[in-house]
Amino acid sequence: MRIATYNVNGVNGRLPVLLKWLEAAAPDVVCLQELKAPQEKFPEQAIHEAGYHAIWHGQKSWNGVAILSKSAEIKELRRQLPGDPEDEQSRYIEAIVNNIVIACLYLPNGNPYPGPKFEYKLGWLKRFTAHARKLLAEDVPVVLAGDYNIMPTELDVYKPERWVNDALFREEVRDAFKKLIAQGFTDALRKLHPDETIYTFWDYFRNAYTRNAGLRIDHLLLSPHLANRLLAAGVNHEVRGWEKSSDHAPTWIELADE
DNA sequence: ATGTCCTCTCTTAGAGGA
């Protein structure tokens with residue numbers, strides 16, 4: 001079973017790229033972020049015609065998350081991160097697919113640092129960590145997949161020294177990621193490729209992709225059950241080179257059948 | 001500071017976000 005996460009950066013603007021990738025990679029489950037589309041503008045029909053069921057939580061202009069599934073039923077659990085009823089940003093959706101809890105998240109960017117956006121990011125991380133702890137306590141298989149907007153270590157940044165005061169790499173944010181992991185989650189790509197340079201994002205500016213000036217900010221974290229089933233993990237980095245591509249590349253894992 | 005590309009609007013240019 002293959003599960004992928006992909007920040008599409010505009011689900012309608014990137015629809016040809018998304019469909020081309022879905023056909024080529026044929027993942028079983030997909031978490032999408034940055035739909036940048038209101039609920040009613042999600043390209044439901046095109047996704048269905050590509051062979052996928054879908055649930056999504058849209059928002060005008062920004063954010064927006066979706067879960068796609070090729071064959072298995074999607075049973076929605078929630079479409080909001082618990083802990084703040086005031087939070088109206090569409091950044092979280094959660095469902096059961098194939099007996100696995102799939103949490104699809106789009107963590108706040110948090111720039112500029114310091115400021116209210118950075119504080120919002122830290123608050124979101126705190127709520128997310130608490131919710132992830134609850135999921136673990138339920139003792140069910142869980143994947144936390146999405147755009148975390150966090151480079152966990154220096155290995156995940158092309159030039160770490162330039163990013164120390166950026167909200168994607170600030171110490172507070174990396175510490176929060178460590179705490180999340182320490183609860184019992186496994187960073188799937190790092191487990192299988194501990195020393196490799198792996199990026200999932202390349203800025204549109206300054207030919208970042210051709211220079212391979214990238215960041216690893218899209219992650220799939222696995223509960224202990226699933227970490228034992230992990231067979232392979234990688235990035236479809238070539239997708240980033242396609243015309244009219246998102247600035248992210250799809251990131252995936254392969255799990256053994258039970 | 002800048003670069004690029006998305007979406008939306010007091011729309012065909014500029015703002016805001018990443």
# chains A, B, ... in the order shown; residues from 1 in each chain; ligands from 1
$ interface_residues --of "chain A" --to "chain B" --cutoff "12 Å" --atoms "only C-alpha atoms (C1' of nucleotides)" --output "JSON, numbers by chain"
{"A": [7, 8, 9, 10, 11, 12, 13, 14, 34, 35, 36, 37, 38, 59, 60, 61, 62, 63, 108, 109, 110, 111, 112, 117, 149, 168, 201, 202, 203, 204, 205, 206, 207, 208, 244, 245, 246, 247, 248]}
$ residues_around --residues "A:Lys121" --least-positions-apart "4" --cutoff "12 Å" --atoms "only C-alpha atoms (C1' of nucleotides)" --output "PyMOL selection string"
chain A and resi 87+89+91+106-117+125-128+148-150+167-168+170+172-174+176-177
$ write_last_selection --atoms "N, CA and C atoms" --output "PDB file, in the first residue's frame"
ATOM      1  N   ASP A  87     -10.048  28.813  15.547  1.00  0.00           N
ATOM      2  CA  ASP A  87      -9.185  28.617  14.386  1.00  0.00           C
ATOM      3  C   ASP A  87     -10.031  28.221  13.174  1.00  0.00           C
ATOM      4  N   GLN A  89      -8.813  28.240   9.925  1.00  0.00           N
ATOM      5  CA  GLN A  89      -8.011  27.903   8.750  1.00  0.00           C
ATOM      6  C   GLN A  89      -8.115  26.405   8.456  1.00  0.00           C
ATOM      7  N   ARG A  91      -6.633  23.456   7.676  1.00  0.00           N
ATOM      8  CA  ARG A  91      -5.274  22.909   7.671  1.00  0.00           C
ATOM      9  C   ARG A  91      -5.207  21.459   8.115  1.00  0.00           C
ATOM     10  N   TYR A 106      -1.558  20.610   7.077  1.00  0.00           N
ATOM     11  CA  TYR A 106      -0.817  21.695   6.452  1.00  0.00           C
ATOM     12  C   TYR A 106      -0.445  22.672   7.556  1.00  0.00           C
ATOM     13  N   LEU A 107       0.754  22.453   8.103  1.00  0.00           N
ATOM     14  CA  LEU A 107       1.193  23.251   9.242  1.00  0.00           C
ATOM     15  C   LEU A 107       1.470  24.688   8.800  1.00  0.00           C
ATOM     16  N   PRO A 108       1.142  25.670   9.650  1.00  0.00           N
ATOM     17  CA  PRO A 108       1.384  27.074   9.274  1.00  0.00           C
ATOM     18  C   PRO A 108       2.857  27.329   8.943  1.00  0.00           C
ATOM     19  N   ASN A 109       3.084  28.198   7.989  1.00  0.00           N
ATOM     20  CA  ASN A 109       4.443  28.578   7.601  1.00  0.00           C
ATOM     21  C   ASN A 109       5.148  29.300   8.758  1.00  0.00           C
ATOM     22  N   GLY A 110       4.492  30.273   9.352  1.00  0.00           N
ATOM     23  CA  GLY A 110       5.023  30.924  10.546  1.00  0.00           C
ATOM     24  C   GLY A 110       5.899  32.139  10.325  1.00  0.00           C
ATOM     25  N   ASN A 111       6.252  32.448   9.091  1.00  0.00           N
ATOM     26  CA  ASN A 111       7.029  33.657   8.828  1.00  0.00           C
ATOM     27  C   ASN A 111       6.088  34.858   8.752  1.00  0.00           C
ATOM     28  N   PRO A 112       6.588  36.060   9.091  1.00  0.00           N
ATOM     29  CA  PRO A 112       7.953  36.325   9.549  1.00  0.00           C
ATOM     30  C   PRO A 112       8.141  36.046  11.037  1.00  0.00           C
ATOM     31  N   TYR A 113       9.397  35.688  11.355  1.00  0.00           N
ATOM     32  CA  TYR A 113       9.784  35.511  12.754  1.00  0.00           C
ATOM     33  C   TYR A 113      10.501  36.759  13.221  1.00  0.00           C
ATOM     34  N   PRO A 114      10.246  37.300  14.416  1.00  0.00           N
ATOM     35  CA  PRO A 114       9.157  36.891  15.297  1.00  0.00           C
ATOM     36  C   PRO A 114       7.851  37.572  14.898  1.00  0.00           C
ATOM     37  N   GLY A 115       6.760  37.129  15.494  1.00  0.00           N
ATOM     38  CA  GLY A 115       5.489  37.784  15.217  1.00  0.00           C
ATOM     39  C   GLY A 115       4.313  36.874  15.454  1.00  0.00           C
ATOM     40  N   PRO A 116       3.120  37.390  15.242  1.00  0.00           N
ATOM     41  CA  PRO A 116       1.904  36.610  15.524  1.00  0.00           C
ATOM     42  C   PRO A 116       1.786  35.351  14.677  1.00  0.00           C
ATOM     43  N   LYS A 117       2.294  35.373  13.448  1.00  0.00           N
ATOM     44  CA  LYS A 117       2.212  34.176  12.605  1.00  0.00           C
ATOM     45  C   LYS A 117       3.096  33.055  13.153  1.00  0.00           C
ATOM     46  N   LEU A 125       1.346  23.680  16.541  1.00  0.00           N
ATOM     47  CA  LEU A 125       2.207  22.529  16.828  1.00  0.00           C
ATOM     48  C   LEU A 125       1.869  21.902  18.176  1.00  0.00           C
ATOM     49  N   LYS A 126       1.578  22.743  19.148  1.00  0.00           N
ATOM     50  CA  LYS A 126       1.230  22.255  20.476  1.00  0.00           C
ATOM     51  C   LYS A 126      -0.074  21.463  20.421  1.00  0.00           C
ATOM     52  N   ARG A 127      -1.056  22.008  19.763  1.00  0.00           N
ATOM     53  CA  ARG A 127      -2.343  21.322  19.631  1.00  0.00           C
ATOM     54  C   ARG A 127      -2.170  20.014  18.867  1.00  0.00           C
ATOM     55  N   PHE A 128      -1.369  20.071  17.802  1.00  0.00           N
ATOM     56  CA  PHE A 128      -1.166  18.893  16.969  1.00  0.00           C
ATOM     57  C   PHE A 128      -0.460  17.790  17.754  1.00  0.00           C
ATOM     58  N   TYR A 148       4.743  20.030   6.759  1.00  0.00           N
ATOM     59  CA  TYR A 148       4.984  20.469   8.134  1.00  0.00           C
ATOM     60  C   TYR A 148       5.606  21.862   8.192  1.00  0.00           C
ATOM     61  N   ASN A 149       6.127  22.347   7.081  1.00  0.00           N
ATOM     62  CA  ASN A 149       6.863  23.615   7.087  1.00  0.00           C
ATOM     63  C   ASN A 149       7.946  23.612   8.164  1.00  0.00           C
ATOM     64  N   ILE A 150       8.598  22.463   8.325  1.00  0.00           N
ATOM     65  CA  ILE A 150       9.699  22.311   9.290  1.00  0.00           C
ATOM     66  C   ILE A 150      10.806  21.465   8.659  1.00  0.00           C
ATOM     67  N   ALA A 167      11.193  30.878  10.168  1.00  0.00           N
ATOM     68  CA  ALA A 167      10.174  30.138  10.943  1.00  0.00           C
ATOM     69  C   ALA A 167      10.163  28.643  10.608  1.00  0.00           C
ATOM     70  N   LEU A 168      10.728  28.254   9.467  1.00  0.00           N
ATOM     71  CA  LEU A 168      10.754  26.841   9.092  1.00  0.00           C
ATOM     72  C   LEU A 168      11.897  26.080   9.782  1.00  0.00           C
ATOM     73  N   ARG A 170      13.593  27.617  12.883  1.00  0.00           N
ATOM     74  CA  ARG A 170      13.859  28.124  14.230  1.00  0.00           C
ATOM     75  C   ARG A 170      13.954  26.976  15.230  1.00  0.00           C
ATOM     76  N   GLU A 172      12.832  26.664  18.220  1.00  0.00           N
ATOM     77  CA  GLU A 172      11.570  26.317  18.898  1.00  0.00           C
ATOM     78  C   GLU A 172      10.771  25.323  18.075  1.00  0.00           C
ATOM     79  N   VAL A 173      10.801  25.522  16.759  1.00  0.00           N
ATOM     80  CA  VAL A 173      10.015  24.697  15.848  1.00  0.00           C
ATOM     81  C   VAL A 173      10.630  23.302  15.713  1.00  0.00           C
ATOM     82  N   ARG A 174      11.951  23.257  15.624  1.00  0.00           N
ATOM     83  CA  ARG A 174      12.634  21.961  15.542  1.00  0.00           C
ATOM     84  C   ARG A 174      12.469  21.182  16.841  1.00  0.00           C
ATOM     85  N   ALA A 176       9.896  21.402  18.820  1.00  0.00           N
ATOM     86  CA  ALA A 176       8.514  20.917  18.828  1.00  0.00           C
ATOM     87  C   ALA A 176       8.383  19.659  17.964  1.00  0.00           C
ATOM     88  N   PHE A 177       9.077  19.633  16.849  1.00  0.00           N
ATOM     89  CA  PHE A 177       9.053  18.456  15.975  1.00  0.00           C
ATOM     90  C   PHE A 177       9.671  17.258  16.699  1.00  0.00           C
TER      91      PHE A 177
END
$ atom_distance --atom1 "atom CA of A:Asn212" --atom2 "atom CA of A:Tyr158"
7.8 Å
$ select_by_dssp --residues "stretch 90-243 of chain A" --states "strand (DSSP E or B)" --output "MDAnalysis selection string"
chainID A and resid 92:97 100:106 142:147 157 186:187 201:202 214:215 218:222 230:235
$ atom_distance --atom1 "atom CA of A:Pro141" --atom2 "atom CA of A:Asn98"
10.1 Å
$ select_by_dssp --residues "stretch 138-245 of chain A" --states "helix (DSSP H, G or I)" --output "number ranges by chain"
A: 154-156, 160-162, 171-182, 188-192, 205-211, 224-227, 237-241
